[in-house]
Every structure is written in structure tokens, then in C-alpha cells.
>>> print(open('my_file.cif').read())   # mmCIF, C-alpha atoms (C1' of nucleotides)
data_upload
#
loop_
_atom_site.label_atom_id
_atom_site.label_comp_id
_atom_site.auth_asym_id
_atom_site.auth_seq_id
_atom_site.Cartn_x
_atom_site.Cartn_y
_atom_site.Cartn_z
CA MET F 1 20.61 22.34 -23.43
CA ASP F 2 17.49 20.35 -24.20
CA ALA F 3 16.96 19.47 -20.57
CA LEU F 4 14.03 20.86 -18.61
CA THR F 5 13.86 21.85 -14.96
CA ILE F 6 11.37 20.15 -12.69
CA HIS F 7 8.57 22.66 -13.16
CA GLU F 8 8.94 22.65 -16.91
CA ALA F 9 9.02 18.88 -16.96
CA ALA F 10 5.93 18.80 -14.79
CA GLU F 11 4.21 21.09 -17.24
CA THR F 12 4.81 18.89 -20.27
CA THR F 13 4.26 15.52 -18.64
CA GLY F 14 1.19 16.12 -16.53
CA TRP F 15 2.85 15.21 -13.23
CA SER F 16 3.25 17.72 -10.42
CA PRO F 17 6.75 18.72 -9.37
CA ARG F 18 6.06 17.03 -6.05
CA MET F 19 5.22 13.78 -7.79
CA LEU F 20 8.27 13.96 -10.03
CA ARG F 21 10.39 13.95 -6.91
CA TYR F 22 8.35 11.06 -5.58
CA VAL F 23 8.66 9.07 -8.80
CA GLU F 24 12.37 9.61 -8.53
CA ARG F 25 12.51 8.38 -4.97
CA VAL F 26 10.60 5.26 -5.92
CA GLY F 27 13.37 4.78 -8.46
CA LEU F 28 11.32 4.73 -11.65
CA VAL F 29 12.55 7.90 -13.39
CA GLU F 30 15.80 9.39 -12.17
CA PRO F 31 16.80 12.57 -13.97
CA ALA F 32 20.36 13.80 -14.26
CA ARG F 33 21.51 16.66 -12.06
CA SER F 34 23.16 19.94 -12.88
CA ALA F 35 26.36 20.95 -11.14
CA SER F 36 24.34 22.76 -8.51
CA GLY F 37 21.95 19.88 -7.95
CA TYR F 38 19.01 20.88 -10.12
CA ARG F 39 17.12 17.98 -11.70
CA LEU F 40 17.51 17.93 -15.48
CA TYR F 41 14.86 16.09 -17.48
CA GLY F 42 15.95 15.14 -20.99
CA PRO F 43 13.71 13.94 -23.85
CA ALA F 44 14.08 10.33 -22.74
CA GLU F 45 12.92 11.05 -19.19
CA LEU F 46 10.03 13.16 -20.43
CA GLN F 47 8.86 10.37 -22.67
CA ARG F 48 9.17 7.81 -19.90
CA LEU F 49 7.15 10.03 -17.59
CA ARG F 50 4.39 10.40 -20.14
CA THR F 51 4.14 6.71 -20.90
CA LEU F 52 4.33 5.92 -17.20
CA ARG F 53 1.28 8.07 -16.62
CA GLU F 54 -0.61 6.29 -19.35
CA LEU F 55 0.42 2.93 -17.97
CA LEU F 56 -0.77 3.74 -14.45
CA ALA F 57 -4.02 5.32 -15.55
CA GLY F 58 -4.72 2.77 -18.26
CA TYR F 59 -4.68 -0.19 -15.93
CA ASP F 60 -5.34 1.52 -12.63
CA ILE F 61 -2.09 0.36 -11.09
CA GLY F 62 0.39 2.17 -8.85
CA LEU F 63 4.04 3.07 -8.90
CA SER F 64 4.71 0.24 -6.47
CA ASP F 65 3.20 -2.21 -8.94
CA VAL F 66 5.55 -1.09 -11.67
CA ALA F 67 8.41 -1.28 -9.20
CA PHE F 68 7.40 -4.83 -8.36
CA ALA F 69 7.20 -5.74 -12.05
CA ARG F 70 10.76 -4.56 -12.34
CA ARG F 71 11.82 -6.76 -9.45
CA LEU F 72 10.10 -9.64 -11.22
CA ARG F 73 12.13 -9.08 -14.34
CA GLU F 74 15.41 -8.57 -12.50
CA GLU F 75 15.30 -11.19 -9.77
CA ALA F 76 15.21 -14.63 -11.31
CA GLY F 77 14.42 -16.36 -8.02
CA LEU F 78 11.49 -14.12 -7.27
CA ARG F 79 10.15 -14.58 -10.78
CA ARG F 80 10.56 -18.35 -10.65
CA ASP F 81 8.91 -18.78 -7.26
CA THR F 82 6.08 -16.38 -7.99
CA GLU F 83 5.36 -18.01 -11.31
CA ALA F 84 5.45 -21.42 -9.69
CA TRP F 85 2.94 -20.38 -7.06
CA LEU F 86 0.57 -18.90 -9.61
CA GLU F 87 1.03 -21.85 -11.91
CA ALA F 88 -0.17 -24.21 -9.19
CA GLU F 89 -3.36 -22.21 -9.14
CA ALA F 90 -3.82 -22.14 -12.90
CA GLU F 91 -3.06 -25.77 -13.50
CA ARG F 92 -6.08 -26.97 -11.57
CA PRO F 93 -9.01 -26.39 -14.00
CA ASP F 94 -11.30 -26.67 -11.01
CA GLU F 95 -11.36 -29.59 -8.69
CA VAL F 96 -9.55 -32.47 -10.24
CA PRO F 97 -10.48 -35.68 -8.39
CA ALA F 98 -7.73 -36.39 -5.88
CA ALA F 99 -6.66 -39.55 -7.67
CA ASP F 100 -5.96 -37.67 -10.88
CA TRP F 101 -3.49 -35.38 -9.23
CA LEU F 102 -0.37 -37.29 -10.17
CA ARG F 103 -1.50 -37.98 -13.70
CA PHE F 104 -2.17 -34.30 -14.08
CA GLU F 105 1.39 -33.41 -13.14
CA GLN F 106 2.76 -35.95 -15.57
CA GLU F 107 0.65 -34.60 -18.39
CA LYS F 108 1.83 -31.10 -17.66
CA HIS F 109 5.42 -32.21 -18.03
CA GLN F 110 4.61 -33.98 -21.26
CA ARG F 111 2.98 -30.87 -22.59
CA LEU F 112 6.10 -28.91 -21.76
CA LEU F 113 8.35 -31.44 -23.47
CA ALA F 114 6.13 -31.47 -26.52
CA ALA F 115 6.21 -27.70 -26.71
CA VAL F 116 10.00 -27.65 -26.61
CA ALA F 117 10.32 -30.43 -29.18
CA ALA F 118 7.98 -28.58 -31.52
CA THR F 119 10.35 -25.64 -31.98
CA MET Q 1 -13.14 -35.77 5.59
CA ASP Q 2 -9.62 -34.45 5.07
CA ALA Q 3 -10.69 -30.83 5.20
CA LEU Q 4 -9.72 -28.60 8.12
CA THR Q 5 -11.65 -25.76 9.69
CA ILE Q 6 -10.15 -22.31 9.78
CA HIS Q 7 -8.50 -22.63 13.18
CA GLU Q 8 -7.00 -26.00 12.33
CA ALA Q 9 -5.78 -24.70 9.01
CA ALA Q 10 -4.28 -21.70 10.77
CA GLU Q 11 -2.48 -24.05 13.13
CA THR Q 12 -0.79 -26.07 10.41
CA THR Q 13 0.01 -23.22 8.04
CA GLY Q 14 1.30 -20.54 10.37
CA TRP Q 15 -1.31 -17.98 9.39
CA SER Q 16 -3.83 -16.60 11.87
CA PRO Q 17 -7.52 -17.30 11.29
CA ARG Q 18 -7.96 -13.58 10.72
CA MET Q 19 -5.34 -13.59 7.99
CA LEU Q 20 -6.79 -16.67 6.33
CA ARG Q 21 -10.01 -14.72 5.88
CA TYR Q 22 -8.01 -11.78 4.56
CA VAL Q 23 -6.04 -13.95 2.13
CA GLU Q 24 -9.38 -15.22 0.91
CA ARG Q 25 -10.75 -11.75 0.40
CA VAL Q 26 -7.70 -10.76 -1.58
CA GLY Q 27 -8.55 -13.75 -3.73
CA LEU Q 28 -5.37 -15.75 -3.38
CA VAL Q 29 -6.60 -18.85 -1.52
CA GLU Q 30 -10.32 -19.49 -1.52
CA PRO Q 31 -11.36 -22.55 0.47
CA ALA Q 32 -14.54 -24.54 -0.19
CA ARG Q 33 -17.49 -24.06 2.13
CA SER Q 34 -19.55 -26.57 4.08
CA ALA Q 35 -23.32 -26.59 3.77
CA SER Q 36 -23.55 -24.27 6.74
CA GLY Q 37 -20.92 -21.89 5.46
CA TYR Q 38 -17.82 -23.07 7.32
CA ARG Q 39 -14.56 -22.70 5.41
CA LEU Q 40 -13.03 -26.07 4.51
CA TYR Q 41 -9.31 -26.17 3.80
CA GLY Q 42 -8.20 -29.25 1.85
CA PRO Q 43 -4.62 -30.48 1.32
CA ALA Q 44 -4.22 -28.34 -1.78
CA GLU Q 45 -5.21 -25.12 0.02
CA LEU Q 46 -2.99 -25.95 2.98
CA GLN Q 47 -0.02 -26.44 0.70
CA ARG Q 48 -0.73 -23.23 -1.16
CA LEU Q 49 -0.96 -21.34 2.11
CA ARG Q 50 2.38 -22.70 3.27
CA THR Q 51 4.20 -21.91 0.05
CA LEU Q 52 2.55 -18.50 -0.07
CA ARG Q 53 4.00 -17.73 3.34
CA GLU Q 54 7.45 -18.77 2.20
CA LEU Q 55 7.10 -16.70 -0.94
CA LEU Q 56 6.12 -13.54 0.94
CA ALA Q 57 8.73 -13.93 3.66
CA GLY Q 58 11.48 -15.09 1.31
CA TYR Q 59 11.34 -12.00 -0.87
CA ASP Q 60 9.72 -9.55 1.50
CA ILE Q 61 6.75 -8.94 -0.76
CA GLY Q 62 3.06 -8.55 0.04
CA LEU Q 63 -0.18 -10.19 -0.91
CA SER Q 64 -0.91 -7.30 -3.24
CA ASP Q 65 2.33 -7.99 -5.09
CA VAL Q 66 1.32 -11.58 -5.72
CA ALA Q 67 -2.11 -10.38 -6.79
CA PHE Q 68 -0.46 -7.99 -9.23
CA ALA Q 69 1.77 -10.75 -10.58
CA ARG Q 70 -1.38 -12.69 -11.29
CA ARG Q 71 -2.85 -9.73 -13.16
CA LEU Q 72 0.37 -9.59 -15.16
CA ARG Q 73 0.00 -13.22 -16.20
CA GLU Q 74 -3.69 -12.94 -16.98
CA GLU Q 75 -3.97 -9.56 -18.70
CA ALA Q 76 -1.98 -9.59 -21.90
CA GLY Q 77 -2.28 -5.85 -22.43
CA LEU Q 78 -1.05 -5.01 -18.97
CA ARG Q 79 1.86 -7.40 -19.35
CA ARG Q 80 2.76 -6.05 -22.78
CA ASP Q 81 2.65 -2.39 -21.76
CA THR Q 82 4.45 -2.93 -18.48
CA GLU Q 83 7.17 -4.96 -20.13
CA ALA Q 84 7.52 -2.32 -22.83
CA TRP Q 85 7.96 0.42 -20.27
CA LEU Q 86 10.56 -1.51 -18.32
CA GLU Q 87 12.29 -2.57 -21.50
CA ALA Q 88 12.82 1.05 -22.47
CA GLU Q 89 14.68 1.48 -19.23
CA ALA Q 90 16.81 -1.62 -19.64
CA GLU Q 91 17.70 -1.06 -23.27
CA ARG Q 92 19.63 2.12 -22.57
CA PRO Q 93 22.98 0.84 -21.18
CA ASP Q 94 23.49 4.34 -19.86
CA GLU Q 95 23.43 7.44 -22.00
CA VAL Q 96 23.66 6.48 -25.61
CA PRO Q 97 24.56 9.56 -27.68
CA ALA Q 98 21.37 10.96 -29.17
CA ALA Q 99 22.45 10.17 -32.72
CA ASP Q 100 22.77 6.48 -31.93
CA TRP Q 101 19.20 6.19 -30.83
CA LEU Q 102 17.82 4.88 -34.10
CA ARG Q 103 20.70 2.50 -34.71
CA PHE Q 104 20.13 1.16 -31.24
CA GLU Q 105 16.51 0.33 -31.99
CA GLN Q 106 17.47 -1.39 -35.20
CA GLU Q 107 20.08 -3.51 -33.49
CA LYS Q 108 17.55 -4.54 -30.88
CA HIS Q 109 15.25 -5.78 -33.59
CA GLN Q 110 18.07 -7.65 -35.24
CA ARG Q 111 18.97 -9.27 -31.96
CA LEU Q 112 15.40 -10.40 -31.57
CA LEU Q 113 15.29 -11.82 -35.09
CA ALA Q 114 18.58 -13.61 -34.55
CA ALA Q 115 17.32 -15.11 -31.33
CA VAL Q 116 14.21 -16.45 -33.03
CA ALA Q 117 16.15 -17.81 -35.99
CA ALA Q 118 18.51 -19.63 -33.63
CA THR Q 119 15.81 -21.90 -32.23
"C1'" DC U 1 -28.28 -28.66 26.53
"C1'" DG U 2 -23.88 -26.22 26.64
"C1'" DA U 3 -18.97 -25.61 25.51
"C1'" DA U 4 -16.36 -24.72 21.64
"C1'" DC U 5 -16.17 -23.50 17.18
"C1'" DC U 6 -17.85 -20.84 12.84
"C1'" DT U 7 -19.68 -16.52 10.31
"C1'" DT U 8 -19.88 -11.63 9.10
"C1'" DG U 9 -19.18 -6.85 10.42
"C1'" DA U 10 -16.96 -3.31 12.74
"C1'" DC U 11 -13.51 -0.61 15.52
"C1'" DA U 12 -8.56 0.13 15.91
"C1'" DC U 13 -3.83 0.79 14.68
"C1'" DA U 14 0.74 0.82 12.29
"C1'" DA U 15 3.03 1.24 8.00
"C1'" DC U 16 3.11 2.54 3.29
"C1'" DT U 17 1.40 5.09 -0.99
"C1'" DG U 18 0.16 9.27 -3.06
"C1'" DT U 19 -0.23 14.31 -2.88
"C1'" DG U 20 -0.24 19.10 -1.30
"C1'" DT U 21 1.96 22.73 1.03
"C1'" DC U 22 5.16 25.37 3.70
"C1'" DA U 23 9.92 26.63 5.62
"C1'" DG U 24 14.78 27.64 5.36
"C1'" DG U 25 18.33 28.19 2.33
"C1'" DG U 26 20.98 28.00 -2.38
"C1'" DT U 27 20.96 29.25 -7.83
"C1'" DT U 28 19.94 31.77 -12.10
"C1'" DC U 29 19.51 35.45 -14.83
"C1'" DG U 30 17.65 39.96 -16.55
"C1'" DC V 1 20.45 43.19 -6.69
"C1'" DG V 2 16.02 40.85 -6.63
"C1'" DA V 3 12.36 38.01 -8.63
"C1'" DA V 4 11.71 33.43 -9.76
"C1'" DC V 5 13.17 29.04 -9.52
"C1'" DC V 6 15.58 24.78 -7.25
"C1'" DC V 7 16.68 21.71 -3.14
"C1'" DT V 8 15.74 18.99 1.07
"C1'" DG V 9 12.94 18.10 5.04
"C1'" DA V 10 8.75 18.06 7.42
"C1'" DC V 11 3.75 18.34 8.64
"C1'" DA V 12 -0.74 16.73 6.90
"C1'" DC V 13 -4.22 13.86 5.13
"C1'" DA V 14 -6.77 10.19 2.58
"C1'" DG V 15 -6.67 5.51 1.05
"C1'" DT V 16 -4.74 0.68 1.15
"C1'" DT V 17 -2.47 -3.27 3.41
"C1'" DG V 18 -1.93 -6.11 7.26
"C1'" DT V 19 -3.45 -7.64 11.82
"C1'" DG V 20 -5.83 -8.03 16.29
"C1'" DT V 21 -9.95 -8.06 18.83
"C1'" DC V 22 -14.70 -7.90 20.06
"C1'" DA V 23 -19.87 -8.42 19.22
"C1'" DA V 24 -24.05 -10.78 17.78
"C1'" DG V 25 -25.68 -14.79 16.17
"C1'" DG V 26 -25.56 -19.73 13.83
"C1'" DT V 27 -23.34 -24.88 14.04
"C1'" DT V 28 -21.34 -29.04 15.95
"C1'" DC V 29 -20.96 -32.54 18.92
"C1'" DG V 30 -20.19 -35.07 23.40
#
>>> encode(input="my_file.cif", output="C-alpha cells")
Amino acid sequence: MDALTIHEAAETTGWSPRMLRYVERVGLVEPARSASGYRLYGPAELQRLRTLRELLAGYDIGLSDVAFARRLREEAGLRRDTEAWLEAEAERPDEVPAADWLRFEQEKHQRLLAAVAAT
Amino acid sequence: MDALTIHEAAETTGWSPRMLRYVERVGLVEPARSASGYRLYGPAELQRLRTLRELLAGYDIGLSDVAFARRLREEAGLRRDTEAWLEAEAERPDEVPAADWLRFEQEKHQRLLAAVAAT
DNA sequence: CGAACCTTGACACAACTGTGTCAGGGTTCG
DNA sequence: CGAACCCTGACACAGTTGTGTCAAGGTTCG
């Protein structure tokens, strides 16, 4: 009984009904349905919609960004390869002389081992 | 001496010169410049461009996704809030009775503590 | 010097994201 | 029953991403 229809949910979350349908299609907040197909937003969905709004506005990101973040957390391969690519960028503190390249890699591995051993 | 111009780099990486400039503008691979302003792609940039191509094609993602992943790794607040939002979705193994909500939270915290203690 | 390459800037276009609005047709409830 | 609401589908439009291409002007090098 504590489930709101789409217009009511829109009212209390700040989204428009149109956008609630869109958010659903993107797969971020999928409300239950009544027997006749009406969307039913429960307390959990309402809260998620509110925090989602804050998240998007707070960092100026889009629904597709959040969707991608979810892929990152769910697909291990994607996360691994993306991290690896970004890591290659971060690990070069700006133009290491070519000859130091190998040593740099080795030191990185040693740092990793040390970090693990320290736990 | 081992730096390629934009057309040569395009040739060996599979990108078009146009796209190399675009990738640069997005901020993912920024080559050095010669005195007269020509882009100079060294071995490191060439490798990054090749792996970037594989990454995008392999998971059907875009440059903006990789750029967002970088924001995630660099902005702690963004990462924290995004993770928190996604976590809320994951932690509900499908319709927990309303009364179990609090217990669920507590168990999550205990799981976290247990995981830390186990190291 | 002149061909071949580089630079930036702009026009163009498809596809996707984000929103609004309207149409045709079912549902709810006083 | 009828007003008020819901549903899906579609037309529209602005902004972003991804690419190509062309123009005007500098650089390189045989």
C-alpha cells in the first residue's frame, strides 16, 4: 500500500514522470508493476531516485556514467583491463628516461609485494 | 628520433589522424610536440593507443567511458558516492521484507568487519 | 623551390543522451 | 459513468560523441 504511482513518485523525487520511465529503461531504477501494469514505486525506489539525483547533480555526470560504473563493478575483465590502461598512465610520473623503464616496472612490483606483506 | 608524426602514428595504431587529435582533446593520449608544434608520438604513446583501441573494441565502450573511469580513480568523493549508490542496489538480494532492513545493514557491517579481521 | 606533411578551425552527419509533449487506448475510483 | 490517471509509441529538439573532409596557412626536406 505504501507504493506510489509514477506521478506521485515524480512529485517526491524531483524527477519528471518522463524521466522516471527513462531511468527505468536505462536500467538504474526499475519499479515493481501492479497487476494492470502500473509502475509502483516503494520507499526503496524513492530513496534511490533521490540519491541518484544528488549523485548526478553533485558531480555533473550522466545516467550513462552510472551505468558504466555498474558495468565496471560487475564485469571483472572490463574492470581489470580499464584499470590496467589507466594504471599505465598513472605510473609514469612524467617522462621517465627510457632506460629506467624496466627498473620502474620492477619497483612497482616490489611495492605491490611489500604492500601485501605488510597486512 | 624514435617519435612518429601523426600520420605515421595513425598507420601503426589503426586510428585515423583525425581521431588521434580527438583522443588528444579528450585527454587520453597527449603526445609531445616538436618546436614547430608537430605532434610527436613515442613508443609509449603508440602502445597506449593500441591498447586503448583493444579496450574500446573489446568491451564496446567509448572514450568518454574511459575518461569517466579515470575520474572515478582520481576523485575519491565521486568514487565513494557512486560505489555507495551501486552498493545499495547490490545489497538487496531481491525484496527483503521491510522488517529485515535493519538486520540486513547490521549483517553487512559484520561481514565487513570479519573480512578485515581475516587478513 | 615545391611536393608532402603538419596545424587549427569549421562544416557535416549519424548515433546516443536527455527531455517534453501528444496520441490512442486501458485502469481506478468517487 | 466520467474525470483523472497509467501505459506504450512516436515526433521533436538540443547537446555530446565519433568521424570525415576541406580550407588557409606554416614546416620539412630532397
>>> interface_residues(input="my_file.cif", of="chain F", to="chain U", cutoff="9 Å", atoms="all atoms listed in the file", output="PyMOL selection string")
chain F and resi 16+18-19+22+36+38+62-64
>>> write_last_selection(input="my_file.cif", atoms="C-alpha atoms", output="tab-separated table (two decimals), in the frame of the given file")
chain	number	residue	atom	x	y	z
F	16	SER	CA	3.25	17.72	-10.42
F	18	ARG	CA	6.06	17.03	-6.05
F	19	MET	CA	5.22	13.78	-7.79
F	22	TYR	CA	8.35	11.06	-5.58
F	36	SER	CA	24.34	22.76	-8.51
F	38	TYR	CA	19.01	20.88	-10.12
F	62	GLY	CA	0.39	2.17	-8.85
F	63	LEU	CA	4.04	3.07	-8.90
F	64	SER	CA	4.71	0.24	-6.47
>>> interface_residues(input="my_file.cif", of="chain F", to="chain V", cutoff="12 Å", atoms="all atoms listed in the file", output="JSON list (two decimals) with C-alpha atoms, in the frame of the given file")
[["chain", "number", "residue", "atom", "x", "y", "z"],
["F", 5, "THR", "CA", 13.86, 21.85, -14.96],
["F", 6, "ILE", "CA", 11.37, 20.15, -12.69],
["F", 7, "HIS", "CA", 8.57, 22.66, -13.16],
["F", 8, "GLU", "CA", 8.94, 22.65, -16.91],
["F", 17, "PRO", "CA", 6.75, 18.72, -9.37],
["F", 18, "ARG", "CA", 6.06, 17.03, -6.05],
["F", 21, "ARG", "CA", 10.39, 13.95, -6.91],
["F", 33, "ARG", "CA", 21.51, 16.66, -12.06],
["F", 34, "SER", "CA", 23.16, 19.94, -12.88],
["F", 36, "SER", "CA", 24.34, 22.76, -8.51],
["F", 37, "GLY", "CA", 21.95, 19.88, -7.95],
["F", 38, "TYR", "CA", 19.01, 20.88, -10.12],
["F", 39, "ARG", "CA", 17.12, 17.98, -11.70],
["F", 40, "LEU", "CA", 17.51, 17.93, -15.48],
["F", 62, "GLY", "CA", 0.39, 2.17, -8.85]]
>>> resolve_selection(input="my_file.cif", expression="the PyMOL selection byres ((chain F) within 7 of (chain Q))", output="PyMOL selection string")
chain F and resi 55+59+65+68+70+78+81+86+119
>>> axis_aligned_box(input="my_file.cif", around="range 17-21 of chain Q", padding_each_side="6 Å", output="AutoDock Vina command-line options")
--center_x -7.7 --center_y -15.4 --center_z 8.6 --size_x 16.7 --size_y 15.7 --size_z 17.4
>>> decode(input="my_file.cif", residues="range 36-47 of chain F", atoms="N, CA and C atoms", output="PDB file, in the first residue's frame")
ATOM      1  N   SER F  36      -2.144  -4.563 -13.362  1.00  0.00           N
ATOM      2  CA  SER F  36      -2.541  -3.966 -14.643  1.00  0.00           C
ATOM      3  C   SER F  36      -1.386  -3.226 -15.328  1.00  0.00           C
ATOM      4  N   GLY F  37      -0.189  -3.360 -14.785  1.00  0.00           N
ATOM      5  CA  GLY F  37       0.948  -2.757 -15.463  1.00  0.00           C
ATOM      6  C   GLY F  37       1.408  -1.401 -14.958  1.00  0.00           C
ATOM      7  N   TYR F  38       0.732  -0.855 -13.972  1.00  0.00           N
ATOM      8  CA  TYR F  38       1.151   0.439 -13.429  1.00  0.00           C
ATOM      9  C   TYR F  38       2.475   0.283 -12.683  1.00  0.00           C
ATOM     10  N   ARG F  39       3.351   1.286 -12.830  1.00  0.00           N
ATOM     11  CA  ARG F  39       4.609   1.264 -12.077  1.00  0.00           C
ATOM     12  C   ARG F  39       4.318   1.574 -10.617  1.00  0.00           C
ATOM     13  N   LEU F  40       4.939   0.827  -9.718  1.00  0.00           N
ATOM     14  CA  LEU F  40       4.746   1.037  -8.289  1.00  0.00           C
ATOM     15  C   LEU F  40       6.089   1.323  -7.624  1.00  0.00           C
ATOM     16  N   TYR F  41       6.246   2.570  -7.166  1.00  0.00           N
ATOM     17  CA  TYR F  41       7.500   2.965  -6.521  1.00  0.00           C
ATOM     18  C   TYR F  41       7.395   2.836  -5.013  1.00  0.00           C
ATOM     19  N   GLY F  42       8.182   1.944  -4.439  1.00  0.00           N
ATOM     20  CA  GLY F  42       8.205   1.760  -2.991  1.00  0.00           C
ATOM     21  C   GLY F  42       9.235   2.684  -2.364  1.00  0.00           C
ATOM     22  N   PRO F  43       9.320   2.697  -1.051  1.00  0.00           N
ATOM     23  CA  PRO F  43      10.266   3.556  -0.318  1.00  0.00           C
ATOM     24  C   PRO F  43      11.695   3.390  -0.825  1.00  0.00           C
ATOM     25  N   ALA F  44      12.092   2.157  -1.091  1.00  0.00           N
ATOM     26  CA  ALA F  44      13.462   1.907  -1.546  1.00  0.00           C
ATOM     27  C   ALA F  44      13.725   2.608  -2.869  1.00  0.00           C
ATOM     28  N   GLU F  45      12.802   2.469  -3.815  1.00  0.00           N
ATOM     29  CA  GLU F  45      12.979   3.097  -5.120  1.00  0.00           C
ATOM     30  C   GLU F  45      13.012   4.621  -4.980  1.00  0.00           C
ATOM     31  N   LEU F  46      12.126   5.140  -4.145  1.00  0.00           N
ATOM     32  CA  LEU F  46      12.077   6.587  -3.971  1.00  0.00           C
ATOM     33  C   LEU F  46      13.412   7.104  -3.438  1.00  0.00           C
ATOM     34  N   GLN F  47      13.949   6.388  -2.485  1.00  0.00           N
ATOM     35  CA  GLN F  47      15.225   6.806  -1.922  1.00  0.00           C
ATOM     36  C   GLN F  47      16.340   6.729  -2.960  1.00  0.00           C
TER      37      GLN F  47
END
